>>> print(open('data_1.txt').read())   # compact mmCIF, C-alpha atoms
# COMPACT_ATOMS: atom_id res chain seq x y z
CA MET A 146 -58.48 -10.31 29.23
CA LYS A 147 -59.10 -7.67 31.87
CA ARG A 148 -59.23 -10.39 34.53
CA MET A 149 -55.84 -11.69 33.40
CA SER A 150 -54.37 -8.19 33.52
CA LEU A 151 -55.58 -7.71 37.07
CA GLY A 152 -54.04 -11.03 38.04
CA LEU A 153 -50.74 -10.07 36.51
CA LEU A 154 -50.92 -6.74 38.28
CA ALA A 155 -51.46 -8.50 41.60
CA ILE A 156 -48.48 -10.76 40.97
CA ALA A 157 -46.36 -7.74 40.09
CA LEU A 158 -47.40 -5.95 43.26
CA VAL A 159 -46.52 -9.00 45.38
CA ALA A 160 -43.15 -9.21 43.67
CA MET A 161 -42.49 -5.52 44.35
CA VAL A 162 -43.35 -5.97 48.03
CA GLY A 163 -40.97 -8.91 48.15
CA LEU A 164 -38.20 -6.87 46.59
CA VAL A 165 -38.74 -4.02 49.02
CA SER A 166 -38.64 -6.42 51.98
CA CYS A 167 -35.31 -7.80 50.72
CA GLN A 168 -33.64 -4.42 50.48
CA PRO A 169 -30.72 -3.86 52.91
CA GLU A 170 -31.66 -2.33 56.22
CA ASP A 171 -31.41 1.45 56.17
CA GLU A 172 -28.28 2.60 57.94
CA SER A 173 -30.42 4.94 60.05
CA ASP A 174 -32.14 1.88 61.53
CA VAL A 175 -28.86 0.43 62.83
CA ALA A 176 -28.25 1.19 66.50
CA THR A 177 -25.17 3.21 67.40
CA LEU A 178 -23.62 2.89 70.84
CA THR A 179 -21.43 5.67 72.20
CA VAL A 180 -18.63 4.08 74.20
CA ALA A 181 -16.31 6.02 76.49
CA THR A 182 -12.67 5.09 76.97
CA ASP A 183 -9.71 6.74 78.67
CA ALA A 184 -7.17 6.46 75.86
CA THR A 185 -4.11 6.59 78.11
CA TRP A 186 -3.77 2.86 78.85
CA PRO A 187 -1.60 1.19 76.20
CA PRO A 188 -1.92 -1.44 74.90
CA MET A 189 -5.60 -1.56 75.86
CA GLU A 190 -6.63 1.92 74.69
CA PHE A 191 -4.38 4.78 73.55
CA LEU A 192 -3.82 7.37 70.84
CA ASN A 193 -1.56 6.41 67.96
CA THR A 194 0.65 8.86 66.07
CA ASP A 195 -2.36 9.95 64.01
CA GLN A 196 -4.30 10.68 67.22
CA GLU A 197 -6.67 7.78 66.56
CA ILE A 198 -7.94 5.70 69.48
CA VAL A 199 -6.54 2.19 69.12
CA GLY A 200 -5.77 -0.84 71.27
CA PHE A 201 -7.05 -4.18 72.48
CA ASP A 202 -10.29 -2.83 73.94
CA ILE A 203 -11.01 -0.78 70.83
CA ASP A 204 -10.55 -3.75 68.51
CA LEU A 205 -12.63 -5.87 70.88
CA MET A 206 -15.53 -3.40 70.99
CA ASN A 207 -15.49 -3.08 67.21
CA ALA A 208 -15.59 -6.88 66.91
CA ILE A 209 -18.52 -7.04 69.35
CA ALA A 210 -20.37 -4.41 67.34
CA GLU A 211 -19.75 -6.25 64.07
CA ALA A 212 -20.88 -9.56 65.54
CA GLU A 213 -24.10 -8.11 66.91
CA GLY A 214 -24.81 -5.70 64.04
CA PHE A 215 -24.57 -2.27 65.62
CA ASN A 216 -22.29 0.72 65.15
CA VAL A 217 -19.95 2.09 67.77
CA GLU A 218 -18.56 5.58 68.35
CA PHE A 219 -15.74 6.05 70.84
CA GLN A 220 -15.48 9.04 73.15
CA ASN A 221 -12.10 9.75 74.75
CA THR A 222 -12.92 10.52 78.39
CA ALA A 223 -10.72 11.23 81.41
CA TRP A 224 -10.74 8.41 83.95
CA ASP A 225 -11.63 10.56 86.96
CA GLY A 226 -15.06 11.35 85.51
CA ILE A 227 -15.74 8.38 83.28
CA PHE A 228 -18.19 6.57 85.59
CA ALA A 229 -20.05 9.75 86.52
CA GLY A 230 -20.62 10.34 82.81
CA LEU A 231 -21.96 6.81 82.43
CA ALA A 232 -24.41 7.37 85.29
CA ASN A 233 -25.48 10.67 83.71
CA GLY A 234 -26.18 8.99 80.38
CA ASP A 235 -23.46 10.89 78.52
CA TYR A 236 -22.63 7.63 76.71
CA ASP A 237 -23.97 4.10 76.55
CA ALA A 238 -21.02 2.09 77.83
CA VAL A 239 -17.43 2.22 79.05
CA ILE A 240 -14.63 -0.02 77.81
CA SER A 241 -11.39 1.11 79.39
CA SER A 242 -9.61 -1.70 81.23
CA VAL A 243 -12.43 -1.60 83.78
CA THR A 244 -12.01 -4.21 86.48
CA ILE A 245 -15.27 -5.79 87.67
CA THR A 246 -15.58 -5.28 91.43
CA ASP A 247 -18.41 -5.75 93.91
CA GLU A 248 -18.25 -2.05 94.74
CA ARG A 249 -18.60 -1.01 91.11
CA LYS A 250 -21.41 -3.49 90.52
CA ARG A 251 -23.50 -1.56 93.04
CA THR A 252 -23.57 1.47 90.75
CA MET A 253 -23.22 0.01 87.24
CA ASP A 254 -23.81 -3.22 85.35
CA PHE A 255 -21.09 -5.28 83.68
CA SER A 256 -20.83 -7.49 80.65
CA THR A 257 -19.47 -11.00 80.71
CA PRO A 258 -15.77 -10.81 81.70
CA TYR A 259 -13.48 -10.82 78.69
CA ILE A 260 -9.94 -10.98 80.11
CA ASN A 261 -8.21 -11.67 83.43
CA ALA A 262 -5.68 -8.97 84.29
CA GLY A 263 -4.29 -9.18 87.81
CA GLN A 264 -2.14 -6.51 89.44
CA VAL A 265 1.65 -6.74 89.22
CA LEU A 266 4.50 -4.79 90.76
CA ILE A 267 6.92 -2.81 88.61
CA VAL A 268 10.28 -1.70 90.01
CA ARG A 269 13.56 -0.47 88.59
CA GLN A 270 16.02 -3.07 87.34
CA ASP A 271 18.55 -1.85 89.91
CA ALA A 272 16.07 -2.35 92.78
CA PRO A 273 17.00 -4.71 95.65
CA SER A 274 16.75 -8.33 94.56
CA ASP A 275 14.44 -9.20 97.46
CA TRP A 276 11.72 -6.80 96.26
CA GLU A 277 9.19 -9.30 94.92
CA SER A 278 5.92 -8.15 96.49
CA LEU A 279 4.25 -5.01 97.76
CA GLU A 280 4.96 -6.06 101.35
CA ASP A 281 8.68 -5.99 100.56
CA LEU A 282 8.43 -2.25 99.87
CA ALA A 283 7.39 -1.28 103.39
CA GLY A 284 8.64 2.22 104.12
CA GLU A 285 8.69 3.13 100.42
CA SER A 286 6.38 5.10 98.13
CA VAL A 287 4.51 3.18 95.44
CA GLY A 288 2.55 4.80 92.65
CA ALA A 289 -0.73 3.92 90.96
CA GLN A 290 -3.35 5.70 88.88
CA ILE A 291 -6.01 7.32 91.02
CA GLY A 292 -9.25 5.38 91.40
CA THR A 293 -7.84 2.10 90.10
CA THR A 294 -7.70 -1.29 91.78
CA GLY A 295 -3.92 -0.90 91.81
CA ALA A 296 -4.29 2.17 94.01
CA ILE A 297 -6.64 0.23 96.29
CA GLU A 298 -4.11 -2.60 96.69
CA VAL A 299 -1.28 -0.21 97.52
CA GLY A 300 -3.46 1.69 99.97
CA ASN A 301 -4.33 -1.56 101.74
CA THR A 302 -0.70 -2.63 102.19
CA ASP A 303 0.72 -1.82 105.63
CA GLY A 304 3.79 0.36 105.66
CA VAL A 305 3.62 1.35 101.99
CA GLU A 306 2.88 4.96 101.07
CA LEU A 307 0.42 5.35 98.19
CA ARG A 308 1.29 8.00 95.60
CA THR A 309 -1.61 8.58 93.17
CA TYR A 310 -1.39 9.95 89.63
CA ASP A 311 -3.95 11.19 87.11
CA GLU A 312 -2.26 9.04 84.45
CA LEU A 313 -0.26 5.86 84.88
CA GLY A 314 2.43 7.14 82.54
CA LEU A 315 3.30 9.85 85.07
CA ALA A 316 3.82 7.20 87.73
CA ILE A 317 6.00 5.13 85.40
CA GLU A 318 8.13 8.17 84.60
CA ASP A 319 8.58 8.97 88.29
CA LEU A 320 9.63 5.37 88.87
CA SER A 321 12.13 5.45 86.03
CA GLN A 322 13.65 8.58 87.58
CA GLY A 323 13.84 6.98 91.04
CA ARG A 324 11.33 9.33 92.63
CA ILE A 325 9.20 6.40 93.84
CA ALA A 326 10.13 2.78 94.56
CA GLY A 327 7.47 0.96 92.58
CA VAL A 328 4.28 1.11 90.53
CA VAL A 329 1.31 -1.24 90.64
CA ALA A 330 -0.71 -1.73 87.47
CA ASP A 331 -2.83 -4.23 85.57
CA THR A 332 -0.80 -6.96 83.88
CA PRO A 333 -1.45 -5.89 80.25
CA ILE A 334 -0.54 -2.28 80.90
CA ALA A 335 2.53 -3.19 82.93
CA ALA A 336 3.68 -5.51 80.16
CA ASP A 337 3.34 -2.72 77.61
CA TYR A 338 5.43 -0.27 79.61
CA VAL A 339 8.09 -2.77 80.64
CA LEU A 340 8.34 -5.00 77.57
CA GLN A 341 7.28 -2.84 74.63
CA ASN A 342 8.33 0.70 75.50
CA ASP A 343 11.86 1.57 74.39
CA ASN A 344 12.05 4.30 77.03
CA TYR A 345 11.65 1.85 79.88
CA ASN A 346 12.45 -1.72 78.87
CA ASP A 347 16.11 -1.28 79.88
CA VAL A 348 15.20 0.47 83.11
CA LEU A 349 12.14 -1.25 84.59
CA GLN A 350 11.09 -4.81 85.36
CA ILE A 351 8.05 -6.71 86.58
CA VAL A 352 8.77 -8.71 89.72
CA GLY A 353 6.86 -11.61 91.22
CA ASP A 354 3.56 -12.88 89.89
CA ALA A 355 0.19 -11.22 89.54
CA PHE A 356 -1.14 -10.99 93.09
CA THR A 357 -4.80 -10.47 92.29
CA GLU A 358 -7.30 -12.18 90.03
CA GLU A 359 -9.22 -9.48 88.22
CA PHE A 360 -11.48 -9.50 85.23
CA TYR A 361 -12.18 -6.70 82.80
CA GLY A 362 -15.73 -6.06 81.62
CA VAL A 363 -17.72 -3.53 79.63
CA ALA A 364 -19.61 -1.23 82.00
CA VAL A 365 -23.12 0.03 81.23
CA LYS A 366 -25.52 2.25 83.12
CA LYS A 367 -27.29 0.44 85.94
CA GLY A 368 -30.50 -1.09 84.64
CA ASN A 369 -29.77 -0.53 80.95
CA ASP A 370 -30.61 -4.09 79.99
CA GLU A 371 -30.97 -3.33 76.28
CA VAL A 372 -27.37 -2.19 75.88
CA LEU A 373 -26.07 -4.92 78.19
CA GLU A 374 -27.80 -7.61 76.14
CA MET A 375 -26.40 -6.20 72.88
CA VAL A 376 -22.87 -6.15 74.25
CA ASN A 377 -23.10 -9.61 75.79
CA ALA A 378 -24.53 -11.15 72.62
CA GLY A 379 -21.65 -9.83 70.53
CA LEU A 380 -19.12 -10.67 73.22
CA GLU A 381 -20.28 -14.27 73.34
CA VAL A 382 -19.49 -14.59 69.65
CA VAL A 383 -15.97 -13.15 69.83
CA LEU A 384 -15.10 -15.12 72.96
CA ASN A 385 -15.97 -18.36 71.19
CA ASP A 386 -14.69 -17.77 67.66
CA GLY A 387 -11.04 -17.12 68.55
CA THR A 388 -11.18 -13.34 68.13
CA VAL A 389 -10.16 -12.58 71.71
CA GLU A 390 -7.15 -14.91 71.50
CA GLU A 391 -6.11 -13.22 68.26
CA LEU A 392 -6.33 -9.83 69.95
CA LYS A 393 -4.18 -11.10 72.83
CA ASP A 394 -1.54 -12.19 70.32
CA THR A 395 -1.70 -8.78 68.64
CA TRP A 396 -1.62 -6.55 71.68
CA LEU A 397 -0.46 -8.43 74.78
CA ARG A 398 2.16 -11.01 73.75
>>> encode(input="data_1.txt", output="structure tokens")
Amino acid sequence: MKRMSLGLLAIALVAMVGLVSCQPEDESDVATLTVATDATWPPMEFLNTDQEIVGFDIDLMNAIAEAEGFNVEFQNTAWDGIFAGLANGDYDAVISSVTITDERKRTMDFSTPYINAGQVLIVRQDAPSDWESLEDLAGESVGAQIGTTGAIEVGNTDGVELRTYDELGLAIEDLSQGRIAGVVADTPIAADYVLQNDNYNDVLQIVGDAFTEEFYGVAVKKGNDEVLEMVNAGLEVVLNDGTVEELKDTWLR
């Protein structure tokens, strides 16, 4: 009888171990990535009327986190210091319409590209009809946000004066008021200002086609392979399951 009781006790102990092992993972064991974004780039990342950070990139990062099983906390960070903060370890990653360039790859690592967003030219609707490219604006001032690939393109165009701005919205406003001749910006952001913004859709237009081929990626600190692998694993899922196309329909079309 005692032997049988010990056997039953052993079975009970095994069952208890099994139950413990099947319990949901403690929330404290789930990794949390802090992700910086400059929430001044609608429709990619911006503050809504409730001052919440929303947009294509935000939905994408949340989908990546859900697919890979980690949490994400967003940190609204000014563009002019966002990469310095990444290098300092102030956050784990940056998702903020960041174009992957060879120069940037020397100081940070990038995820798999998730969207192609070439530069386009925005002008007023009453601009000369032959203004279809940056070269056509020789002798004029063209605005772009400081430190962006748009600013680089303008600065590399002979005869065009580069006017830089801390925020793209300031450049767009100057253009709408006729203080500059054009603005260069990434396709998604240009589309938002020109097509979706009631303040500008009767004043501004996009001319010509995108004149660069540029891909956005999630930036991580150089050598941080653990974070990069987490992001890429989740990104692979959402690139292949239709999530990214759904986000394009929601935010960019």
>>> atom_distance(input="data_1.txt", atom1="CA of Asp225 in chain A", atom2="CA of Ile297 in chain A")
14.8 Å
>>> closest_residue(input="data_1.txt", among="A:Trp186, A:Tyr259, A:Tyr236, A:Phe360", to="Ile198 in chain A", atoms="only C-alpha atoms")
A:Trp186
>>> closest_residue(input="data_1.txt", among="A:Val239, A:Leu349, A:Val389, A:Ile227", to="Gly362 in chain A", atoms="only C-alpha atoms")
A:Val239
>>> atom_distance(input="data_1.txt", atom1="CA of Ala229 in chain A", atom2="CA of Leu178 in chain A")
17.5 Å
>>> closest_residue(input="data_1.txt", among="A:Gly292, A:Pro273, A:Pro188, A:Gly263", to="Gln350 in chain A", atoms="only C-alpha atoms")
A:Pro273
>>> atom_distance(input="data_1.txt", atom1="CA of Tyr361 in chain A", atom2="CA of Arg249 in chain A")
11.9 Å
>>> closest_residue(input="data_1.txt", among="A:Ile334, A:Val175, A:Ala272, A:Ala208", to="Phe191 in chain A", atoms="all atoms listed in the file")
A:Ile334
>>> residues_around(input="data_1.txt", residues="Asp347 in chain A", least_positions_apart="4", cutoff="10 Å", atoms="all atoms listed in the file", output="list of chain:residue names")
A:Arg269, A:Gln270, A:Ser321, A:Val339, A:Leu340, A:Asn342, A:Asp343
>>> axis_aligned_box(input="data_1.txt", around="range 275-294 of chain A", padding_each_side="4 Å", output="AutoDock Vina command-line options")
--center_x 2.6 --center_y -1.0 --center_z 96.5 --size_x 31.7 --size_y 24.6 --size_z 23.2
>>> residues_near_point(input="data_1.txt", point="(-33.2, -0.6, 86.1)", cutoff="12 Å", atoms="only C-alpha atoms", output="list in words")
Ala232, Arg251, Thr252, Met253, Asp254, Val365, Lys366, Lys367, Gly368, Asn369, Asp370, Glu371, Val372 and Leu373 of chain A
>>> closest_residue(input="data_1.txt", among="A:Ala330, A:Val268, A:Val382, A:Val299", to="Pro187 in chain A", atoms="all atoms listed in the file")
A:Ala330
>>> closest_residue(input="data_1.txt", among="A:Leu192, A:Ala355, A:Ala176, A:Ile267", to="Gly214 in chain A", atoms="only C-alpha atoms")
A:Ala176
>>> residues_around(input="data_1.txt", residues="Asp183 in chain A", least_positions_apart="5", cutoff="9 Å", atoms="only C-alpha atoms", output="PyMOL selection string")
chain A and resi 190-191+220-224+227+239-242
>>> write_last_selection(input="data_1.txt", atoms="C-alpha atoms", output="PDB file, keeping the file's coordinate frame")
ATOM      1  CA  GLU A 190      -6.630   1.920  74.690  1.00  0.00           C
ATOM      2  CA  PHE A 191      -4.380   4.780  73.550  1.00  0.00           C
ATOM      3  CA  GLN A 220     -15.480   9.040  73.150  1.00  0.00           C
ATOM      4  CA  ASN A 221     -12.100   9.750  74.750  1.00  0.00           C
ATOM      5  CA  THR A 222     -12.920  10.520  78.390  1.00  0.00           C
ATOM      6  CA  ALA A 223     -10.720  11.230  81.410  1.00  0.00           C
ATOM      7  CA  TRP A 224     -10.740   8.410  83.950  1.00  0.00           C
ATOM      8  CA  ILE A 227     -15.740   8.380  83.280  1.00  0.00           C
ATOM      9  CA  VAL A 239     -17.430   2.220  79.050  1.00  0.00           C
ATOM     10  CA  ILE A 240     -14.630  -0.020  77.810  1.00  0.00           C
ATOM     11  CA  SER A 241     -11.390   1.110  79.390  1.00  0.00           C
ATOM     12  CA  SER A 242      -9.610  -1.700  81.230  1.00  0.00           C
TER      13      SER A 242
END
>>> residues_around(input="data_1.txt", residues="Ala289 in chain A", least_positions_apart="5", cutoff="8 Å", atoms="only C-alpha atoms", output="PyMOL selection string")
chain A and resi 295-296+299+307-310+313+316+328-330
